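Structure below is data.cif: mmCIF, C-alpha atoms.
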```
data_data
#
loop_
_atom_site.label_atom_id
_atom_site.label_comp_id
_atom_site.auth_asym_id
_atom_site.auth_seq_id
_atom_site.Cartn_x
_atom_site.Cartn_y
_atom_site.Cartn_z
CA MET A 1 116.09 52.44 80.36
CA THR A 2 117.45 55.74 79.02
CA ASN A 3 114.19 56.32 77.24
CA LYS A 4 112.27 55.95 80.45
CA SER A 5 114.54 58.24 82.43
CA GLU A 6 114.37 60.82 79.64
CA ALA A 7 110.59 60.68 79.69
CA ASN A 8 110.74 61.05 83.45
CA ALA A 9 113.02 64.07 83.19
CA GLY A 10 110.55 65.64 80.74
CA LEU A 11 107.68 64.99 83.10
CA TYR A 12 109.59 66.51 86.03
CA LYS A 13 110.47 69.62 84.08
CA ASP A 14 106.90 69.95 82.90
CA THR A 15 105.54 69.61 86.44
CA LEU A 16 108.01 72.18 87.72
CA LEU A 17 107.17 74.72 85.03
CA ALA A 18 103.42 74.18 85.28
CA GLY A 19 103.37 75.80 88.72
CA LEU A 20 105.23 78.85 87.52
CA TRP A 21 103.06 79.89 84.58
CA ARG A 22 100.56 77.49 83.02
CA GLU A 23 98.92 76.52 86.29
CA ASN A 24 100.15 79.40 88.41
CA PRO A 25 98.19 78.99 91.66
CA VAL A 26 97.21 82.63 92.03
CA PHE A 27 96.73 83.84 88.47
CA ARG A 28 95.36 80.69 86.89
CA LEU A 29 93.71 78.65 89.61
CA LEU A 30 92.69 81.62 91.80
CA LEU A 31 93.79 79.74 94.90
CA GLY A 32 95.20 81.11 98.10
CA MET A 33 93.75 84.56 97.65
CA CYS A 34 93.61 85.53 101.32
CA PRO A 35 97.35 85.53 102.04
CA THR A 36 97.97 86.90 98.55
CA LEU A 37 95.98 89.98 99.39
CA ALA A 38 96.83 90.28 103.05
CA VAL A 39 100.61 90.03 103.25
CA THR A 40 101.59 91.85 100.08
CA ALA A 41 101.81 95.39 101.44
CA ALA A 42 105.62 95.04 101.30
CA VAL A 43 108.05 92.62 99.70
CA LYS A 44 109.71 91.26 102.84
CA PRO A 45 106.62 89.78 104.52
CA ALA A 46 105.48 88.51 101.12
CA LEU A 47 108.77 86.65 100.67
CA THR A 48 108.61 85.22 104.19
CA MET A 49 105.07 84.07 103.57
CA GLY A 50 106.11 82.47 100.29
CA LEU A 51 108.94 80.57 101.97
CA CYS A 52 106.60 79.36 104.72
CA VAL A 53 104.14 78.12 102.10
CA ILE A 54 106.92 76.32 100.19
CA PHE A 55 108.02 74.59 103.41
CA VAL A 56 104.51 73.50 104.38
CA LEU A 57 103.61 72.47 100.84
CA LEU A 58 106.78 70.40 100.49
CA CYS A 59 106.38 68.62 103.83
CA SER A 60 102.67 67.94 103.42
CA ASN A 61 103.13 66.69 99.85
CA ILE A 62 105.87 64.31 101.03
CA VAL A 63 103.79 62.94 103.89
CA VAL A 64 100.58 62.66 101.85
CA SER A 65 102.41 60.99 98.99
CA LEU A 66 104.00 58.45 101.35
CA MET A 67 100.72 57.52 102.96
CA ARG A 68 98.54 57.73 99.84
CA ASN A 69 97.92 53.97 99.78
CA LEU A 70 96.73 53.89 103.39
CA LEU A 71 94.15 56.67 103.06
CA LYS A 72 90.45 55.92 103.38
CA PRO A 73 88.56 58.05 100.81
CA HIS A 74 86.07 59.65 103.19
CA LEU A 75 88.69 60.52 105.79
CA ARG A 76 91.34 61.83 103.45
CA ILE A 77 90.48 65.55 103.65
CA LEU A 78 90.65 65.34 107.43
CA MET A 79 94.03 63.61 107.24
CA PHE A 80 95.33 66.25 104.83
CA THR A 81 94.20 69.07 107.10
CA LEU A 82 95.75 67.51 110.18
CA THR A 83 99.05 66.94 108.38
CA ILE A 84 99.07 70.51 107.14
CA ALA A 85 98.12 71.90 110.56
CA THR A 86 101.05 70.08 112.13
CA PHE A 87 103.57 71.53 109.71
CA VAL A 88 102.07 74.99 109.95
CA THR A 89 102.50 74.83 113.73
CA ILE A 90 106.17 73.99 113.18
CA ALA A 91 106.61 76.88 110.74
CA ASP A 92 104.79 79.28 113.08
CA LEU A 93 106.92 78.36 116.09
CA PHE A 94 110.06 78.61 113.96
CA LEU A 95 109.13 82.13 112.85
CA LYS A 96 108.26 83.17 116.40
CA ALA A 97 111.64 81.94 117.61
CA PHE A 98 113.94 83.19 114.86
CA GLN A 99 112.05 85.99 113.10
CA PRO A 100 109.93 87.56 115.84
CA GLU A 101 109.44 90.80 113.88
CA MET A 102 108.17 89.03 110.80
CA SER A 103 105.96 86.83 112.96
CA GLU A 104 104.47 90.01 114.41
CA VAL A 105 103.81 91.50 110.97
CA LEU A 106 102.28 88.35 109.50
CA GLY A 107 100.22 87.73 112.63
CA PRO A 108 97.38 85.26 112.16
CA TYR A 109 98.14 84.86 108.46
CA VAL A 110 100.81 82.25 109.22
CA PRO A 111 98.38 79.86 110.96
CA LEU A 112 95.96 80.68 108.16
CA ILE A 113 98.25 78.74 105.80
CA ILE A 114 96.33 75.72 107.13
CA VAL A 115 93.29 76.77 105.15
CA ASN A 116 95.26 77.96 102.15
CA CYS A 117 93.53 76.18 99.30
CA ILE A 118 96.76 75.71 97.34
CA ILE A 119 98.15 73.22 99.81
CA ILE A 120 95.03 71.13 100.20
CA CYS A 121 94.45 71.29 96.44
CA ARG A 122 97.93 69.96 95.70
CA ALA A 123 97.55 67.24 98.31
CA GLU A 124 94.29 66.17 96.71
CA ALA A 125 95.14 66.64 93.04
CA CYS A 126 98.76 65.61 93.00
CA ALA A 127 100.31 64.07 96.09
CA SER A 128 97.53 61.59 96.83
CA LYS A 129 97.88 60.10 93.34
CA ASN A 130 101.56 60.41 92.45
CA PRO A 131 104.81 58.89 93.71
CA LEU A 132 107.17 60.78 95.98
CA VAL A 133 109.48 62.45 93.44
CA VAL A 134 106.68 63.93 91.33
CA SER A 135 104.97 65.23 94.46
CA ILE A 136 108.16 66.91 95.66
CA ILE A 137 108.75 68.58 92.30
CA ASP A 138 105.12 69.64 92.09
CA ALA A 139 105.37 71.20 95.55
CA LEU A 140 108.51 73.10 94.58
CA GLY A 141 106.99 74.37 91.31
CA MET A 142 103.70 75.43 92.86
CA GLY A 143 105.43 76.98 95.87
CA ALA A 144 107.83 78.89 93.64
CA GLY A 145 104.96 80.10 91.45
CA PHE A 146 103.09 81.29 94.52
CA THR A 147 106.14 83.05 95.99
CA VAL A 148 107.02 84.80 92.73
CA THR A 149 103.45 86.00 92.28
CA LEU A 150 103.33 87.26 95.84
CA CYS A 151 106.59 89.13 95.39
CA VAL A 152 105.47 90.73 92.12
CA LEU A 153 102.24 91.93 93.70
CA ALA A 154 104.07 93.12 96.81
CA GLY A 155 106.68 94.84 94.67
CA VAL A 156 104.09 96.88 92.81
CA ARG A 157 102.27 97.80 96.00
CA GLU A 158 105.36 98.66 98.03
CA LEU A 159 106.78 100.75 95.18
CA LEU A 160 103.61 102.77 94.77
CA SER A 161 102.75 103.11 98.46
CA THR A 162 106.19 104.09 99.78
CA GLY A 163 108.45 104.52 96.77
CA LYS A 164 110.74 101.83 98.17
CA ILE A 165 111.51 98.20 97.46
CA PHE A 166 113.00 96.06 100.22
CA GLU A 167 113.06 99.27 102.23
CA ALA A 168 115.54 100.82 99.78
CA GLN A 169 114.51 104.06 98.08
CA VAL A 170 114.07 103.64 94.32
CA MET A 171 111.65 106.36 93.30
CA PRO A 172 112.92 109.93 92.78
CA ASP A 173 112.23 112.64 95.38
CA TRP A 174 109.24 114.20 93.64
CA PHE A 175 107.28 110.96 93.86
CA VAL A 176 104.26 111.29 96.10
CA PRO A 177 103.48 107.94 97.81
CA TRP A 178 100.03 106.55 97.22
CA ALA A 179 99.01 105.66 100.73
CA ALA A 180 95.93 103.83 99.49
CA MET A 181 98.07 101.15 97.86
CA SER A 182 99.13 99.75 101.23
CA MET A 183 95.49 99.49 102.32
CA PRO A 184 92.98 96.78 101.40
CA VAL A 185 91.83 98.87 98.43
CA GLY A 186 95.25 98.73 96.84
CA ALA A 187 95.47 94.98 97.32
CA PHE A 188 92.16 94.25 95.60
CA ILE A 189 92.67 96.63 92.70
CA THR A 190 96.31 95.72 92.03
CA LEU A 191 95.50 92.02 91.99
CA GLY A 192 92.52 92.63 89.71
CA LEU A 193 94.58 94.62 87.23
CA LEU A 194 97.46 92.11 87.35
CA LEU A 195 95.02 89.29 86.64
CA GLY A 196 93.67 91.24 83.69
CA LEU A 197 97.22 91.79 82.43
CA VAL A 198 98.06 88.09 82.73
CA ASN A 199 94.87 87.20 80.85
CA ALA A 200 95.71 89.63 78.07
CA VAL A 201 99.32 88.42 77.77
CA SER A 202 98.45 84.75 77.73
CA LYS A 203 95.78 85.35 75.10
CA LYS A 204 98.31 87.11 72.90
CA LEU A 205 100.76 84.23 73.34
CA ALA A 206 98.05 81.74 72.43
CA THR A 207 97.13 83.54 69.19
CA LYS A 208 100.83 83.80 68.29
CA ALA A 209 101.28 80.05 68.81
CA GLN A 210 98.21 79.39 66.67
CA ARG A 211 99.55 81.53 63.84
CA LYS A 212 102.85 79.67 63.97
CA GLU A 213 101.07 76.36 63.58
CA LYS A 214 99.32 77.59 60.46
CA MET B 1 74.65 98.13 131.09
CA ASP B 2 78.37 98.35 130.51
CA THR B 3 78.62 94.77 129.25
CA LEU B 4 75.70 95.36 126.91
CA ASN B 5 77.42 98.46 125.58
CA ILE B 6 80.63 96.56 124.92
CA LEU B 7 78.72 93.79 123.19
CA ILE B 8 76.85 96.16 120.88
CA MET B 9 80.02 98.07 120.06
CA GLY B 10 81.85 94.82 119.35
CA PHE B 11 79.06 93.64 117.10
CA ILE B 12 78.93 96.83 115.03
CA SER B 13 82.69 96.93 114.85
CA ILE B 14 83.04 93.40 113.46
CA VAL B 15 80.16 93.77 111.01
CA ILE B 16 81.09 97.11 109.50
CA ILE B 17 84.42 98.50 110.63
CA ASN B 18 86.53 95.38 110.84
CA ASN B 19 84.55 93.51 108.20
CA LEU B 20 86.43 90.27 107.63
CA VAL B 21 86.22 90.38 103.85
CA PHE B 22 87.15 94.00 103.24
CA THR B 23 89.73 94.70 105.92
CA LYS B 24 91.19 91.32 106.81
CA PHE B 25 90.93 89.64 103.39
CA LEU B 26 89.36 86.54 104.88
CA GLY B 27 86.97 84.32 102.97
CA ILE B 28 87.93 85.61 99.54
CA CYS B 29 87.64 82.21 97.81
CA PRO B 30 83.90 81.68 98.36
CA TYR B 31 83.50 85.43 97.98
CA LEU B 32 84.69 85.14 94.38
CA GLY B 33 83.21 81.71 93.76
CA VAL B 34 79.64 81.92 95.02
CA SER B 35 78.80 85.58 94.54
CA GLY B 36 77.29 85.05 91.08
CA ARG B 37 73.64 84.92 92.18
CA ILE B 38 72.09 86.67 95.12
CA ASP B 39 70.03 83.76 96.48
CA MET B 40 73.02 81.44 96.50
CA ALA B 41 75.16 84.13 98.05
CA PHE B 42 72.62 84.54 100.83
CA GLY B 43 72.46 80.79 101.44
CA MET B 44 76.22 80.61 101.57
CA GLY B 45 76.32 83.54 103.98
CA MET B 46 73.82 81.84 106.28
CA ALA B 47 75.78 78.57 106.23
CA VAL B 48 78.99 80.43 107.02
CA THR B 49 77.26 82.41 109.78
CA PHE B 50 76.08 79.21 111.40
CA VAL B 51 79.44 77.48 111.16
CA VAL B 52 81.38 80.51 112.32
CA THR B 53 79.16 81.09 115.35
CA LEU B 54 79.36 77.45 116.35
CA SER B 55 83.08 77.06 115.81
CA GLY B 56 83.98 80.48 117.22
CA THR B 57 82.19 79.61 120.45
CA LEU B 58 83.51 76.06 120.65
CA THR B 59 87.11 76.98 119.93
CA TRP B 60 86.98 79.74 122.55
CA MET B 61 85.73 77.24 125.11
CA ILE B 62 88.33 74.63 124.17
CA ASP B 63 91.09 77.19 124.09
CA ASN B 64 90.30 78.80 127.43
CA TRP B 65 89.00 75.90 129.44
CA ILE B 66 91.11 73.00 128.20
CA LEU B 67 94.21 73.99 126.25
CA MET B 68 95.33 76.89 128.45
CA LYS B 69 94.66 74.95 131.65
CA LEU B 70 96.75 72.03 130.44
CA GLY B 71 99.45 74.14 128.77
CA LEU B 72 98.75 72.60 125.37
CA GLU B 73 98.70 75.82 123.33
CA VAL B 74 100.98 74.15 120.76
CA THR B 75 98.12 71.97 119.58
CA ARG B 76 95.82 74.97 119.18
CA TYR B 77 95.70 75.03 115.37
CA VAL B 78 95.13 71.30 115.11
CA CYS B 79 92.24 71.47 117.59
CA PHE B 80 90.69 74.50 115.89
CA ILE B 81 90.67 72.91 112.47
CA LEU B 82 89.15 69.71 113.86
CA VAL B 83 86.29 71.65 115.46
CA ILE B 84 85.64 73.55 112.23
CA ALA B 85 85.68 70.40 110.11
CA GLY B 86 83.18 68.82 112.51
CA ALA B 87 80.87 71.83 112.39
CA VAL B 88 80.91 71.87 108.60
CA GLN B 89 80.10 68.19 108.50
CA LEU B 90 77.09 68.91 110.71
CA VAL B 91 75.82 71.67 108.40
CA GLU B 92 76.32 69.44 105.38
CA MET B 93 74.28 66.62 106.89
CA TYR B 94 71.53 69.03 107.95
CA LEU B 95 71.27 70.69 104.54
CA ARG B 96 71.28 67.38 102.67
CA LYS B 97 68.39 66.15 104.78
CA PHE B 98 66.22 69.28 104.91
CA PHE B 99 67.19 71.47 101.91
CA PRO B 100 68.33 69.08 99.19
CA THR B 101 68.00 71.65 96.37
CA LEU B 102 70.18 74.18 98.18
CA TYR B 103 72.60 71.37 98.95
CA GLU B 104 72.84 70.46 95.25
CA SER B 105 73.44 74.03 94.14
CA PHE B 106 76.31 74.55 96.60
CA GLY B 107 78.21 71.58 95.23
CA ILE B 108 81.89 71.66 96.09
CA PHE B 109 81.65 74.96 97.93
CA LEU B 110 79.95 73.44 100.96
CA PRO B 111 82.79 71.17 102.10
CA LEU B 112 85.11 74.02 101.16
CA ILE B 113 83.66 76.04 104.05
CA THR B 114 86.12 74.01 106.12
CA THR B 115 88.94 75.72 104.30
CA ASN B 116 87.18 79.10 104.37
CA CYS B 117 89.77 81.37 105.89
CA ALA B 118 87.08 83.54 107.47
CA ILE B 119 86.24 80.85 109.98
CA LEU B 120 89.67 79.80 111.15
CA GLY B 121 90.72 83.43 110.83
CA LEU B 122 88.00 84.58 113.20
CA CYS B 123 88.90 81.89 115.76
CA LEU B 124 92.50 83.08 115.61
CA PHE B 125 91.55 86.75 115.85
CA ILE B 126 89.39 86.10 118.91
CA ASN B 127 92.42 84.48 120.44
CA LEU B 128 94.68 87.32 119.31
CA TRP B 129 92.44 90.12 120.60
CA GLY B 130 92.45 88.41 124.00
CA ILE B 131 88.69 88.11 124.35
CA ASN B 132 88.22 86.65 127.83
CA ASN B 133 84.48 86.44 128.07
CA LEU B 134 82.32 83.73 126.53
CA LEU B 135 79.45 86.07 125.67
CA GLU B 136 81.76 88.43 123.81
CA ALA B 137 83.19 85.54 121.83
CA VAL B 138 79.71 84.41 120.81
CA VAL B 139 78.62 87.89 119.74
CA LEU B 140 81.82 88.50 117.81
CA SER B 141 81.61 85.22 115.92
CA PHE B 142 77.96 85.81 115.07
CA GLY B 143 78.79 89.35 113.94
CA ALA B 144 81.59 88.06 111.75
CA GLY B 145 79.14 85.74 110.00
CA ILE B 146 76.65 88.58 109.47
CA GLY B 147 79.44 90.78 108.13
CA PHE B 148 80.43 88.07 105.66
CA THR B 149 76.82 87.59 104.56
CA MET B 150 76.44 91.31 104.02
CA ALA B 151 79.64 91.55 101.99
CA ILE B 152 78.81 88.58 99.78
CA CYS B 153 75.22 89.76 99.18
CA ILE B 154 76.33 93.26 98.18
CA MET B 155 78.82 91.69 95.81
CA ALA B 156 76.25 89.33 94.32
CA GLY B 157 73.88 92.21 93.73
CA ILE B 158 76.57 94.16 91.92
CA ARG B 159 77.68 91.16 89.88
CA GLU B 160 74.16 90.43 88.69
CA ASN B 161 74.13 93.89 87.12
CA LEU B 162 77.75 93.63 86.02
CA ASN B 163 76.77 90.82 83.66
CA LEU B 164 75.04 93.42 81.50
CA ALA B 165 77.95 95.85 81.54
CA ASP B 166 80.51 96.10 78.77
CA VAL B 167 83.74 95.00 80.44
CA PRO B 168 87.04 94.67 78.51
CA GLN B 169 87.56 91.05 77.47
CA CYS B 170 90.68 90.44 79.56
CA LEU B 171 89.09 91.81 82.72
CA LYS B 172 85.99 89.60 82.56
CA GLY B 173 85.32 87.30 85.50
CA ALA B 174 87.64 87.38 88.49
CA PRO B 175 89.63 90.55 87.69
CA ILE B 176 86.60 92.85 87.51
CA THR B 177 85.19 91.23 90.64
CA LEU B 178 88.40 91.99 92.50
CA ILE B 179 88.43 95.58 91.28
CA THR B 180 84.80 95.99 92.36
CA ALA B 181 85.73 94.53 95.74
CA GLY B 182 88.50 97.08 95.95
CA ILE B 183 86.08 99.94 95.38
CA LEU B 184 83.73 98.45 97.99
CA ALA B 185 86.65 98.21 100.40
CA LEU B 186 87.31 101.89 99.74
CA ALA B 187 83.73 102.65 100.71
CA PHE B 188 84.02 100.58 103.85
CA MET B 189 87.20 102.42 104.79
CA GLY B 190 84.97 105.38 105.45
CA PHE B 191 83.64 103.62 108.52
CA ALA B 192 87.10 103.29 110.07
CA GLY B 193 87.48 105.26 113.25
CA MET B 194 83.73 105.43 113.84
CA ILE B 195 84.18 103.73 117.22
CA ARG B 196 87.11 104.65 119.47
#
```
Please go through the file and, once you have read it, give me the structure as structure tokens.
Amino acid sequence: MTNKSEANAGLYKDTLLAGLWRENPVFRLLLGMCPTLAVTAAVKPALTMGLCVIFVLLCSNIVVSLMRNLLKPHLRILMFTLTIATFVTIADLFLKAFQPEMSEVLGPYVPLIIVNCIIICRAEACASKNPLVVSIIDALGMGAGFTVTLCVLAGVRELLSTGKIFEAQVMPDWFVPWAAMSMPVGAFITLGLLLGLVNAVSKKLATKAQRKEK
Amino acid sequence: MDTLNILIMGFISIVIINNLVFTKFLGICPYLGVSGRIDMAFGMGMAVTFVVTLSGTLTWMIDNWILMKLGLEVTRYVCFILVIAGAVQLVEMYLRKFFPTLYESFGIFLPLITTNCAILGLCLFINLWGINNLLEAVVLSFGAGIGFTMAICIMAGIRENLNLADVPQCLKGAPITLITAGILALAFMGFAGMIR
């Protein structure tokens, strides 16, 4: 009994951590690029977007996992999309009611969570095959990985484009803001360079681990 | 004459100035995935153009003639995604029957058009911009498809040559594609403010 629960705990931890680094949705799987690029001009909208995605991912993973035995194979994608669309509507209305400013800034990118590949990918790859608890943990890990990535990207861009983070001045006076960083150009190039950095770092880690084994 | 003027302006604006890929970040996933070869990129662009025109028009009709009349705006997203999924299914069936080789080479990317943000995004933008004329909606959705095709073909052309370039190891693949897209976006920024 203890053995089994220990194995379970290991599996849960592994699933949770996978989303943060090894299978990070943005850096590793290249999923959900549109919101990643679009809402990361500043940290606050990026964080809001991340929280929305966590909410939708969690709810849709729970629902899909609960009904996984009832799904007909050829209709499953449709069912996933409808489930996701329902929760996104809830999140959108919630934002409109309680965070009208953020809702204004994010605009159509909140409803666009429906077609965010991360959510449908997790529904397909994880929730439709695994029991409830694993699906919940997977959703939390993936969501957290997505949110952290978004915030890092937004942090770099906001710092360079305005010299502020969370609307608080951090750069010294002589710093000249790079206006281009808040534009589409900045989004594409920052993400490209960050991806390159992640590739380089993970390669270094891999060679280190190999040397250790020897 | 005035309507025609508005239509032409709208078309140019959505193809070049408000290009979905470069200014709204929509449709990035297929943009990175399928832009390896120019013929596939063109096929993908055509499929997206067809789906986006069809679903842009249909969602406008549903939105204006049914949902708004009945006060059912809450169900808007669910309806939109259903229409798009249906349109993609139609394209898939058509391609499988008449262009089996093209169908094979698309693989997973064809059903993924359903989750192409460009399509749902355009339907939402049409709604957001308050387009209240069917003809305008049709022209805008068609223009969006053409804009996407143009962007993905330019990218494919560049990437075919990029294969021969000496790129640092860690930047190979997606990172260099994104950086190239950034430079293209910079070029497209030059068009901003051309109209109005």
(message) Given all atoms listed in the file as the basis, pick out the residue of A:Phe98, A:Phe146, A:Phe27, A:Phe55 nearest to chain B.
(response)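 Among A:Phe98, A:Phe146, A:Phe27, A:Phe55, it is A:Phe27 that comes nearest to chain B.
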(request) State, in Å with one decimal place, the distance from atom CA of B:Ile6 to atom CA of B:Val138. (result)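 Those two atoms sit 12.9 Å apart.
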(request) Considering all atoms listed in the file, state which residue in the set A:Asn24, A:Leu160, A:Ile113, A:Val198 is at the smallest distance from A:Thr81. (result)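 Nearest to A:Thr81: A:Ile113.
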Kindly assemble as CSV a list of the chain A residues that lie within 9 Å of chain B, each paired with its nearest atom pair and their distance in Å to one decimal, using only C-alpha atoms, sorted first by chain and then by ascending residue number.
```
residue,atom,partner,partner_atom,distance
A:Leu30,CA,B:Cys29,CA,7.9
A:Leu31,CA,B:Cys29,CA,7.2
A:Gly32,CA,B:Cys29,CA,7.6
A:Met33,CA,B:Ile28,CA,6.2
A:Cys34,CA,B:Phe25,CA,5.3
A:Pro35,CA,B:Phe25,CA,7.7
A:Thr36,CA,B:Phe25,CA,9.0
A:Leu37,CA,B:Phe25,CA,6.5
A:Ala38,CA,B:Phe25,CA,5.9
A:Leu78,CA,B:Ala85,CA,7.6
A:Thr81,CA,B:Ile81,CA,7.5
A:Leu82,CA,B:Val78,CA,6.2
A:Thr83,CA,B:Val78,CA,8.9
A:Ile84,CA,B:Val78,CA,8.9
A:Ala85,CA,B:Val78,CA,5.5
A:Thr86,CA,B:Val78,CA,6.7
A:Val88,CA,B:Tyr77,CA,8.4
A:Thr89,CA,B:Tyr77,CA,7.0
A:Leu93,CA,B:Val74,CA,8.6
A:Gly107,CA,B:Leu128,CA,8.7
A:Pro108,CA,B:Leu124,CA,6.4
A:Tyr109,CA,B:Gly121,CA,7.9
A:Pro111,CA,B:Tyr77,CA,7.1
A:Leu112,CA,B:Gly121,CA,6.5
A:Ile113,CA,B:Cys117,CA,8.9
A:Ile114,CA,B:Thr115,CA,7.9
A:Val115,CA,B:Thr115,CA,4.6
A:Asn116,CA,B:Thr115,CA,7.0
A:Cys117,CA,B:Thr115,CA,6.8
A:Ile120,CA,B:Thr115,CA,8.7
A:Ala180,CA,B:Leu186,CA,8.8
A:Met183,CA,B:Thr23,CA,8.3
A:Pro184,CA,B:Thr23,CA,5.9
A:Val185,CA,B:Gly182,CA,4.5
A:Gly186,CA,B:Gly182,CA,7.0
A:Ala187,CA,B:Gly182,CA,7.4
A:Phe188,CA,B:Gly182,CA,4.6
A:Ile189,CA,B:Ile179,CA,4.6
A:Thr190,CA,B:Ile179,CA,7.9
A:Leu191,CA,B:Leu178,CA,7.1
A:Gly192,CA,B:Pro175,CA,4.1
A:Leu193,CA,B:Pro175,CA,6.4
A:Leu194,CA,B:Pro175,CA,8.0
A:Leu195,CA,B:Pro175,CA,5.6
A:Gly196,CA,B:Leu171,CA,4.7
A:Leu197,CA,B:Cys170,CA,7.3
A:Val198,CA,B:Cys170,CA,8.4
A:Asn199,CA,B:Cys170,CA,5.5
A:Ala200,CA,B:Cys170,CA,5.3
A:Lys203,CA,B:Cys170,CA,8.5
```
(request) Measure the distance from atom CA of A:Leu29 to atom CA of B:Ala87 in Å and round it to one decimal. (result) 27.0 Å
Need the neighbours of (107.5, 82.3, 101.3): which residues are at most 10 Å away, counting only C-alpha atoms, as a PDB file with C-alpha atoms, in the coordinates of the input?
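Below is the file that was written, out_19.pdb:
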```
ATOM      1  CA  LYS A  44     109.710  91.260 102.840  1.00  0.00           C
ATOM      2  CA  PRO A  45     106.620  89.780 104.520  1.00  0.00           C
ATOM      3  CA  ALA A  46     105.480  88.510 101.120  1.00  0.00           C
ATOM      4  CA  LEU A  47     108.770  86.650 100.670  1.00  0.00           C
ATOM      5  CA  THR A  48     108.610  85.220 104.190  1.00  0.00           C
ATOM      6  CA  MET A  49     105.070  84.070 103.570  1.00  0.00           C
ATOM      7  CA  GLY A  50     106.110  82.470 100.290  1.00  0.00           C
ATOM      8  CA  LEU A  51     108.940  80.570 101.970  1.00  0.00           C
ATOM      9  CA  CYS A  52     106.600  79.360 104.720  1.00  0.00           C
ATOM     10  CA  VAL A  53     104.140  78.120 102.100  1.00  0.00           C
ATOM     11  CA  ILE A  54     106.920  76.320 100.190  1.00  0.00           C
ATOM     12  CA  PHE A  55     108.020  74.590 103.410  1.00  0.00           C
ATOM     13  CA  VAL A  56     104.510  73.500 104.380  1.00  0.00           C
ATOM     14  CA  GLY A 143     105.430  76.980  95.870  1.00  0.00           C
ATOM     15  CA  ALA A 144     107.830  78.890  93.640  1.00  0.00           C
ATOM     16  CA  PHE A 146     103.090  81.290  94.520  1.00  0.00           C
ATOM     17  CA  THR A 147     106.140  83.050  95.990  1.00  0.00           C
ATOM     18  CA  VAL A 148     107.020  84.800  92.730  1.00  0.00           C
ATOM     19  CA  LEU A 150     103.330  87.260  95.840  1.00  0.00           C
ATOM     20  CA  CYS A 151     106.590  89.130  95.390  1.00  0.00           C
TER      21      CYS A 151
END
```
(request) Provide the atom CA of B:Met61 to atom CA of B:Glu136 distance in Å, to one decimal place. (result)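 It comes out at 11.9 Å.
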